[in-house]
Structures are given as structure tokens and as C-alpha cells.
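Everything below belongs to structure.txt, which stores compact mmCIF, C-alpha atoms.
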```txt
# COMPACT_ATOMS: atom_id res chain seq x y z
CA MET A 1 120.34 162.55 52.99
CA SER A 2 122.38 159.47 52.12
CA LYS A 3 122.73 156.80 54.76
CA VAL A 4 126.16 156.14 56.25
CA ALA A 5 127.35 152.72 57.43
CA VAL A 6 130.57 151.83 59.24
CA ILE A 7 131.74 148.23 58.95
CA THR A 8 134.74 146.67 60.69
CA GLY A 9 136.63 143.76 59.19
CA ALA A 10 135.42 144.78 55.74
CA SER A 11 138.19 143.19 53.68
CA SER A 12 136.91 139.60 53.70
CA GLY A 13 134.10 137.24 54.62
CA PHE A 14 130.86 138.66 55.98
CA GLY A 15 132.33 142.16 56.19
CA LEU A 16 133.32 142.26 52.53
CA LEU A 17 129.97 141.00 51.28
CA THR A 18 128.02 143.27 53.62
CA THR A 19 130.01 146.29 52.46
CA ILE A 20 129.13 145.60 48.84
CA LYS A 21 125.50 144.78 49.65
CA LEU A 22 124.94 148.02 51.54
CA ALA A 23 126.71 150.11 48.90
CA GLU A 24 124.42 148.57 46.29
CA GLU A 25 121.48 149.68 48.41
CA GLY A 26 122.67 153.27 48.48
CA TYR A 27 124.67 153.47 51.70
CA ASP A 28 127.93 155.39 51.86
CA VAL A 29 130.10 152.74 53.49
CA LEU A 30 133.21 153.39 55.55
CA ALA A 31 134.84 150.00 55.04
CA THR A 32 137.41 149.64 57.82
CA MET A 33 140.21 147.10 57.79
CA ARG A 34 143.69 146.51 59.18
CA ASN A 35 145.33 145.96 55.79
CA LEU A 36 144.36 148.53 53.18
CA ASP A 37 146.09 146.49 50.47
CA LYS A 38 143.12 144.14 50.69
CA ALA A 39 140.85 146.96 49.51
CA LYS A 40 142.01 146.04 46.00
CA VAL A 41 139.36 143.33 46.10
CA PHE A 42 136.52 145.83 45.74
CA PRO A 43 137.17 146.87 42.08
CA SER A 44 137.44 143.19 41.14
CA LEU A 45 134.03 142.42 42.63
CA VAL A 46 132.10 145.64 41.98
CA LYS A 47 131.64 146.60 38.33
CA ASP A 48 129.19 149.46 38.89
CA GLN A 49 131.31 152.57 39.39
CA ASN A 50 128.53 154.34 41.27
CA VAL A 51 128.46 151.51 43.81
CA LEU A 52 132.25 151.45 44.03
CA ASN A 53 132.31 155.20 44.70
CA ARG A 54 130.14 154.65 47.76
CA ILE A 55 132.78 152.41 49.36
CA GLU A 56 135.59 154.18 51.21
CA PRO A 57 138.29 151.89 52.61
CA PHE A 58 139.74 153.20 55.86
CA TYR A 59 142.44 151.83 58.12
CA VAL A 60 141.23 150.75 61.55
CA ASP A 61 142.78 148.32 64.00
CA VAL A 62 139.94 147.83 66.48
CA SER A 63 142.36 146.86 69.25
CA ASP A 64 144.56 149.96 68.90
CA GLU A 65 143.59 153.17 70.73
CA GLU A 66 145.38 155.50 68.31
CA SER A 67 143.53 153.90 65.44
CA ILE A 68 140.21 154.41 67.24
CA GLN A 69 141.05 158.08 67.78
CA ASN A 70 141.71 158.43 64.05
CA LEU A 71 138.33 156.83 63.40
CA LYS A 72 136.65 159.40 65.65
CA VAL A 73 138.25 162.21 63.64
CA LYS A 74 137.12 160.59 60.40
CA LEU A 75 133.55 160.26 61.66
CA ASN A 76 133.39 164.01 62.20
CA ALA A 77 133.29 164.35 58.40
CA PHE A 78 129.91 162.64 58.26
CA PRO A 79 126.72 164.51 59.19
CA HIS A 80 125.14 161.28 60.43
CA VAL A 81 125.99 157.64 61.06
CA HIS A 82 123.03 155.35 60.51
CA LEU A 83 124.58 151.93 60.91
CA LEU A 84 127.51 150.25 62.64
CA VAL A 85 128.34 146.62 61.88
CA ASN A 86 130.89 145.22 64.33
CA ASN A 87 132.20 142.36 62.23
CA ALA A 88 135.97 142.33 62.87
CA GLY A 89 137.06 139.12 64.52
CA TYR A 90 138.92 135.86 64.22
CA ALA A 91 138.74 132.39 65.73
CA LEU A 92 141.53 130.95 67.84
CA GLY A 93 141.40 127.21 68.30
CA GLY A 94 143.15 124.88 70.69
CA PHE A 95 142.55 123.19 74.01
CA SER A 96 142.49 125.36 77.10
CA GLU A 97 145.39 123.78 78.94
CA GLU A 98 147.74 124.44 76.04
CA ILE A 99 146.71 127.96 75.01
CA LYS A 100 148.73 130.84 76.42
CA LEU A 101 146.84 133.40 78.47
CA GLU A 102 148.33 136.06 76.18
CA ASP A 103 146.51 134.46 73.25
CA TYR A 104 143.22 134.49 75.14
CA ARG A 105 143.77 138.22 75.71
CA LYS A 106 144.42 138.80 72.00
CA GLN A 107 141.21 136.97 71.14
CA PHE A 108 139.22 139.21 73.48
CA ASP A 109 141.08 142.34 72.32
CA THR A 110 139.65 141.90 68.83
CA ASN A 111 136.36 140.07 69.29
CA VAL A 112 135.12 141.85 72.41
CA PHE A 113 137.09 144.96 73.33
CA GLY A 114 137.45 145.85 69.65
CA ALA A 115 133.67 145.91 69.24
CA ILE A 116 133.33 147.96 72.43
CA ASN A 117 136.03 150.35 71.24
CA VAL A 118 134.32 151.11 67.95
CA THR A 119 130.87 151.26 69.52
CA GLN A 120 132.05 153.83 72.06
CA ALA A 121 133.46 155.93 69.22
CA ILE A 122 130.12 156.00 67.41
CA LEU A 123 127.60 156.07 70.26
CA PRO A 124 127.94 159.82 70.98
CA ILE A 125 127.04 160.54 67.33
CA MET A 126 124.02 158.24 67.36
CA ARG A 127 122.90 159.55 70.74
CA ARG A 128 123.02 163.17 69.56
CA GLN A 129 121.14 162.39 66.36
CA GLN A 130 118.65 160.21 68.30
CA PHE A 131 118.78 157.29 65.87
CA GLY A 132 121.06 154.54 64.65
CA THR A 133 121.47 150.77 64.45
CA ILE A 134 124.32 148.68 65.82
CA ILE A 135 124.64 145.12 64.56
CA ASN A 136 127.19 142.92 66.31
CA VAL A 137 128.29 139.81 64.45
CA SER A 138 128.39 137.02 67.00
CA SER A 139 128.14 133.29 66.27
CA ILE A 140 126.34 130.15 67.29
CA SER A 141 129.46 129.85 69.46
CA GLY A 142 128.02 132.69 71.53
CA ARG A 143 125.17 130.37 72.53
CA VAL A 144 126.75 126.91 72.37
CA GLY A 145 130.18 125.92 73.63
CA PHE A 146 132.35 123.63 71.52
CA PRO A 147 135.47 121.68 72.55
CA GLY A 148 138.76 122.97 71.19
CA MET A 149 137.35 126.46 70.68
CA SER A 150 137.28 128.02 74.14
CA PRO A 151 139.00 131.34 73.26
CA TYR A 152 136.55 132.01 70.42
CA VAL A 153 133.51 130.67 72.26
CA SER A 154 134.18 132.67 75.42
CA SER A 155 134.76 135.86 73.41
CA LYS A 156 131.43 135.43 71.62
CA TYR A 157 129.61 134.70 74.90
CA ALA A 158 131.07 137.97 76.21
CA LEU A 159 129.95 139.83 73.08
CA GLU A 160 126.43 138.48 73.58
CA GLY A 161 126.27 139.72 77.16
CA TYR A 162 127.65 143.11 76.20
CA SER A 163 125.14 143.46 73.37
CA GLU A 164 122.21 142.54 75.60
CA SER A 165 123.14 145.21 78.15
CA LEU A 166 123.92 147.74 75.42
CA ARG A 167 120.52 147.31 73.81
CA LEU A 168 118.79 148.09 77.10
CA GLU A 169 121.01 151.10 77.74
CA VAL A 170 120.61 152.91 74.41
CA LYS A 171 117.01 152.09 73.52
CA LEU A 172 115.70 155.34 75.01
CA PHE A 173 118.04 157.31 72.73
CA GLY A 174 116.45 155.79 69.63
CA ILE A 175 119.40 153.47 69.03
CA GLN A 176 118.73 149.84 68.14
CA VAL A 177 121.04 146.88 68.79
CA ALA A 178 120.92 143.42 67.24
CA LEU A 179 123.06 140.29 67.25
CA ILE A 180 123.70 138.10 64.21
CA GLU A 181 124.51 134.50 65.16
CA PRO A 182 125.85 132.63 62.11
CA GLY A 183 126.60 128.95 62.03
CA SER A 184 129.21 127.49 59.69
CA TYR A 185 129.71 129.36 56.42
CA ARG A 186 132.19 129.22 53.59
CA THR A 187 134.65 131.64 55.11
CA ASN A 188 138.13 130.70 56.32
CA ILE A 189 137.45 131.34 60.02
CA TRP A 190 136.90 127.68 61.01
CA SER A 191 139.70 126.18 58.96
CA SER A 192 142.17 128.82 60.16
CA SER A 193 141.11 128.10 63.73
CA VAL A 194 141.96 124.43 63.36
CA GLU A 195 145.29 125.32 61.77
CA GLN A 196 146.09 127.48 64.79
CA SER A 197 144.94 124.67 67.04
CA GLU A 198 147.39 122.30 65.40
CA ALA A 199 150.19 124.79 65.90
CA TYR A 200 149.80 124.26 69.64
CA MET A 201 149.76 120.48 69.37
CA LYS A 202 152.58 117.99 69.49
CA GLU A 203 152.20 114.29 69.05
CA ASP A 204 152.86 113.77 72.75
CA SER A 205 150.06 116.18 73.70
CA PRO A 206 147.24 114.59 75.73
CA TYR A 207 144.86 116.40 73.33
CA TYR A 208 146.50 115.22 70.11
CA GLU A 209 143.77 112.71 69.23
CA TYR A 210 141.08 115.28 70.05
CA THR A 211 142.66 117.79 67.69
CA ALA A 212 142.71 115.28 64.85
CA ALA A 213 139.08 114.38 65.54
CA LEU A 214 138.07 118.05 65.62
CA LYS A 215 139.77 118.70 62.28
CA SER A 216 138.10 115.62 60.79
CA TYR A 217 134.69 116.82 62.03
CA ILE A 218 135.10 120.30 60.50
CA ASN A 219 136.43 118.96 57.19
CA ALA A 220 133.63 116.40 56.94
CA ASN A 221 131.03 119.13 57.25
CA GLU A 222 132.59 121.71 54.89
CA GLU A 223 130.21 120.89 52.04
CA ALA A 224 127.25 121.76 54.27
CA HIS A 225 128.64 125.21 55.08
CA GLY A 226 126.34 127.95 53.84
CA ASN A 227 126.84 130.79 51.40
CA PRO A 228 128.09 133.80 53.42
CA MET A 229 125.95 136.07 51.25
CA GLU A 230 123.03 134.85 53.35
CA VAL A 231 124.50 136.64 56.35
CA ALA A 232 125.14 139.85 54.40
CA GLU A 233 121.52 139.85 53.22
CA LEU A 234 120.26 139.34 56.78
CA ILE A 235 122.35 142.27 58.02
CA SER A 236 120.89 144.39 55.24
CA GLN A 237 117.35 143.34 56.17
CA ILE A 238 117.86 144.17 59.85
CA ALA A 239 119.43 147.51 58.97
CA ALA A 240 116.27 148.39 57.02
CA MET A 241 113.93 147.65 59.94
CA LYS A 242 112.30 150.69 61.53
CA LYS A 243 111.80 148.66 64.69
CA ILE A 244 114.08 145.73 65.47
CA LYS A 245 111.89 143.59 67.70
CA LYS A 246 114.41 140.84 68.50
CA LEU A 247 117.93 141.01 69.88
CA ARG A 248 119.22 137.73 68.45
CA TYR A 249 119.06 136.52 64.84
CA PRO A 250 120.44 132.98 64.42
CA VAL A 251 121.24 132.13 60.80
CA GLY A 252 122.55 129.06 59.01
CA SER A 253 121.76 125.41 58.50
CA GLY A 254 120.84 123.68 61.76
CA VAL A 255 121.62 126.70 63.95
CA LYS A 256 118.14 127.27 65.36
CA MET A 257 117.69 123.54 65.96
CA THR A 258 121.02 123.28 67.78
CA ILE A 259 120.15 126.19 70.05
CA LEU A 260 116.72 124.68 70.71
CA PHE A 261 118.11 121.24 71.53
CA LYS A 262 120.64 122.74 73.94
CA SER A 263 117.87 124.62 75.74
CA LEU A 264 115.65 121.53 76.03
CA LEU A 265 118.02 118.63 76.68
CA PRO A 266 119.32 117.87 80.17
CA TRP A 267 122.98 118.89 80.38
CA ALA A 268 124.22 115.31 80.87
CA LEU A 269 122.58 114.22 77.62
CA TRP A 270 123.67 117.33 75.71
CA GLU A 271 127.26 116.84 76.88
CA LYS A 272 127.28 113.22 75.76
CA VAL A 273 125.94 114.11 72.32
CA VAL A 274 128.52 116.87 71.73
CA VAL A 275 131.55 114.90 72.88
CA LYS A 276 130.59 111.76 70.96
CA HIS A 277 129.58 113.65 67.82
CA VAL A 278 132.38 116.20 67.59
CA LEU A 279 135.28 114.31 69.14
CA LYS A 280 134.11 110.90 67.90
CA GLY A 281 134.39 109.38 71.37
CA LYS A 282 138.16 109.08 71.09
CA ARG A 283 138.31 108.49 74.81
CA ASP A 284 135.80 107.63 77.46
CA VAL A 285 134.42 110.73 79.16
```
Translate the structure described by the file into C-alpha cells.
Amino acid sequence: MSKVAVITGASSGFGLLTTIKLAEEGYDVLATMRNLDKAKVFPSLVKDQNVLNRIEPFYVDVSDEESIQNLKVKLNAFPHVHLLVNNAGYALGGFSEEIKLEDYRKQFDTNVFGAINVTQAILPIMRRQQFGTIINVSSISGRVGFPGMSPYVSSKYALEGYSESLRLEVKLFGIQVALIEPGSYRTNIWSSSVEQSEAYMKEDSPYYEYTAALKSYINANEEAHGNPMEVAELISQIAAMKKIKKLRYPVGSGVKMTILFKSLLPWALWEKVVVKHVLKGKRDV
């Protein structure tokens, strides 16, 4: 019996690399994405036809109910579903005062409700078969808040809470749940976030200097961003575990240390470090 994996946001970044990695390991991968034109990337990256044949691109918009219903119908064609990787997401940047509530809702529609949508579509299958693994791709931003990133940060905090409850709920059905918490990697999610942030900003904005400082901080650290293949390999390793003992798997340079420092430092000191380091102390706080 071949193993079946469903991956959301499979056309780029972690999702793309994870799709290829799992197909190389023998999974039949339902690679879901909002733009099927982007599936053209697979033949350019995968030269082994046997591996390519195990990748099936499929249209899914995780925030659209009709699309989720189509996914449910598609899943009926598979005898089993072994793995779900909730990877679809994006990062919206900007300062809270200047971000429209509608944009906060869109961030949650994809990053949180989208993951819940797809999970609810697959859970009945995993529950009936009495096995399965769900891996939700979170972020260090689900453990540590950053200025100028509140839509993304709050969505990842919500995903963390959902995943923690979900793991406790489905454990007795033989279903395992894990969280991946990447730091900064060479994907376009951080740079695109800053670009969106700038779209909100005008020179007369009270946050204009902060935005420039935030962009400078991200650009200055780009060279230290990790290879996203590291995340794909970790997902593959967790998927292969018979017993996933931990819920959270931080990954990336400095991620574990950052989480540790936040847990140990008094808030007043932690706050001072973050503001001075990230926003360069542009104003007294």
C-alpha cells in the first residue's frame, strides 16, 4: 500500500520542496495550490519520471468552501490518507493602527481557518482508518511576537493553540499532530511582508521610521536565512516517526535560543532588547 500525503501551498517555498521530498520517498502526493499554472515548476525540478508521476497537482483554495468540498470528493479516490501538511499561508506586515480589519480577517482566513478547513476535510478519513499524521507549519512567530507583523504573528499564535488542542483530541484515534516552527529561511514570505507593510505607509505616518528600520533589519539578516530544504527534510523525518513524542519542532538558526531567552528573561528586559534590536531605537519607548 503506497502512502498518500496531502500538502497545501505546494507551489512554492516549503510546500514545493516538501512535495518533491515526499514523492522521492515513495509517497503519492496530492499537491494542492491556488494557481495550477505554477505546477509547471515540478517538471523543471524533478528529472525522475517515476517521482514526477507520484505528484498530482490539484486546485485548492483553503479559504473557499466550494474548493474544500471538491477536495473532499477528490479524497474519496484514495483508500487511505497517511499525511496532511498544512503549509498554505502568507505573511501580512504593517503596524496595527494602519492595517484594515478586513486584512486581518484575510490573514486568518488562510493561515488559521484554511488549516482548520482542510483538517476537517481529512479527519474523518484518518479517524476511520485509525492512523494518520497532521503537520501544521507554524513559525517562530507563533511563539515570539515581532513589531510590524501583528497579523501574521497573531495568526500563527492561533494556529499553535488550535494544534495543541487538536493533538489532545485526536490522539485516541491513532492520529498524531505536530507543529513545525521555522525561523527565517530563503523564501519570499518575509520580503513580501515588508513590501505589503510599505504599501500601508506614507511619509507622514507616525510609523514611517519604524517601517524603514524593520526593512533594514530584515535585509541585513538575509544572508543568515537558512536553506528551506532543511524544513522539508524535518517534515519528512516527522512523517516517518511511528510515535511523535513532541508537539513543537523549532527549526532554523537561533530559533531555539530566541524561544529560550523569551521564556527566561523578565518581560521588561525582553521588550527592551526586541525594540532596540529590531527597530534600532528610532524613538524612545
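Across the structure, CA of Arg143 in chain A and CA of Arg127 in chain A are spaced 29.3 Å apart.
If you look at CA of Leu166 in chain A and CA of Tyr249 in chain A, they are 16.2 Å away from each other.
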* Could you tell me which of A:Leu92, A:Leu101, A:Val6, A:Leu123 comes closest to Ser150 in chain A if we count all atoms listed in the file? => A:Leu92
* Which of these, A:Gly93, A:Pro206, A:Pro79, A:Pro250, has the shortest distance to Val231 in chain A once you count all atoms listed in the file? ->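 Of all the options, A:Pro250 lies closest to Val231 in chain A.
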* To do: One decimal, Å: what's the distance from CA of Val137 in chain A over to CA of Tyr104 in chain A, could you say?
  => 19.1 Å
* Of the candidates A:Arg248, A:Ala39, A:Phe58, A:Leu75, which shows the shortest atom-to-atom distance to Gly142 in chain A, using all atoms listed in the file? ->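 Of A:Arg248, A:Ala39, A:Phe58, A:Leu75, the one nearest Gly142 in chain A is A:Arg248, counting all atoms listed in the file.
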* Check the smallest atom-to-atom distance from each of A:Ile134, A:Ala158, A:Val278, A:Leu260 to Val170 in chain A using all atoms listed in the file, then report the winner. =>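 Nearest candidate to Val170 in chain A out of A:Ile134, A:Ala158, A:Val278, A:Leu260: A:Ile134.
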Shell around Glu271 in chain A at 12 Å using all atoms listed in the file, local window under 2 positions removed, as a CSV table (one decimal) with C-alpha atoms, in the coordinates of the input:
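Below is the file that was written, result-v3.csv:
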```
chain,number,residue,atom,x,y,z
A,144,VAL,CA,126.8,126.9,72.4
A,145,GLY,CA,130.2,125.9,73.6
A,146,PHE,CA,132.4,123.6,71.5
A,147,PRO,CA,135.5,121.7,72.6
A,261,PHE,CA,118.1,121.2,71.5
A,262,LYS,CA,120.6,122.7,73.9
A,265,LEU,CA,118.0,118.6,76.7
A,266,PRO,CA,119.3,117.9,80.2
A,267,TRP,CA,123.0,118.9,80.4
A,268,ALA,CA,124.2,115.3,80.9
A,269,LEU,CA,122.6,114.2,77.6
A,273,VAL,CA,125.9,114.1,72.3
A,274,VAL,CA,128.5,116.9,71.7
A,275,VAL,CA,131.6,114.9,72.9
A,276,LYS,CA,130.6,111.8,71.0
A,277,HIS,CA,129.6,113.6,67.8
A,278,VAL,CA,132.4,116.2,67.6
A,279,LEU,CA,135.3,114.3,69.1
A,281,GLY,CA,134.4,109.4,71.4
A,285,VAL,CA,134.4,110.7,79.2
```
Need the shell around range 174-178 of chain A: protein/DNA/RNA residues with any atom at most 6 Å away, counting all atoms listed in the file. Skip same-chain ones fewer than 5 positions apart. Format as a PDB file with C-alpha atoms, keeping the file's coordinate frame?
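Result written to selection02.pdb:
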```pdb
ATOM      1  CA  GLN A 130     118.650 160.210  68.300  1.00  0.00           C
ATOM      2  CA  PHE A 131     118.780 157.290  65.870  1.00  0.00           C
ATOM      3  CA  GLY A 132     121.060 154.540  64.650  1.00  0.00           C
ATOM      4  CA  THR A 133     121.470 150.770  64.450  1.00  0.00           C
ATOM      5  CA  ILE A 134     124.320 148.680  65.820  1.00  0.00           C
ATOM      6  CA  ILE A 135     124.640 145.120  64.560  1.00  0.00           C
ATOM      7  CA  ARG A 167     120.520 147.310  73.810  1.00  0.00           C
ATOM      8  CA  LEU A 247     117.930 141.010  69.880  1.00  0.00           C
TER       9      LEU A 247
END
```
* Spatial neighbours of Tyr207 in chain A, 9 Å, all atoms listed in the file, chain gap at least 5 places, as a list of chain:residue names ->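 The neighbour list is A:Phe95, A:Glu98, A:Met201, A:Lys202, A:Ala212.
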* From A:Ala88, A:Leu30, A:Val41, A:Leu83, residue lying nearest Gly9 in chain A [all atoms listed in the file] ->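 Residue with the minimum atom-to-atom distance to Gly9 in chain A: A:Ala88.
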* Asked: Of the candidates A:Phe14, A:Phe42, A:Tyr162, A:Phe78, which shows the shortest atom-to-atom distance to Asp28 in chain A, using all atoms listed in the file?
  -> A:Phe78
* Asked: Do you know which residues are at most 8 Å from Ala23 in chain A counting only C-alpha atoms, after dropping those on the same chain fewer than 6 positions away, and could you put them as a PyMOL selection string?
  -> chain A and resi 29+51-52+54-55
* Spatial neighbours of Ala115 in chain A, max dist 9 Å, all atoms listed in the file, sep filter under 3 positions, as an NGL selection string -> :A and (8 or 62-63 or 86-89 or 109-112 or 118-120 or 136 or 159)
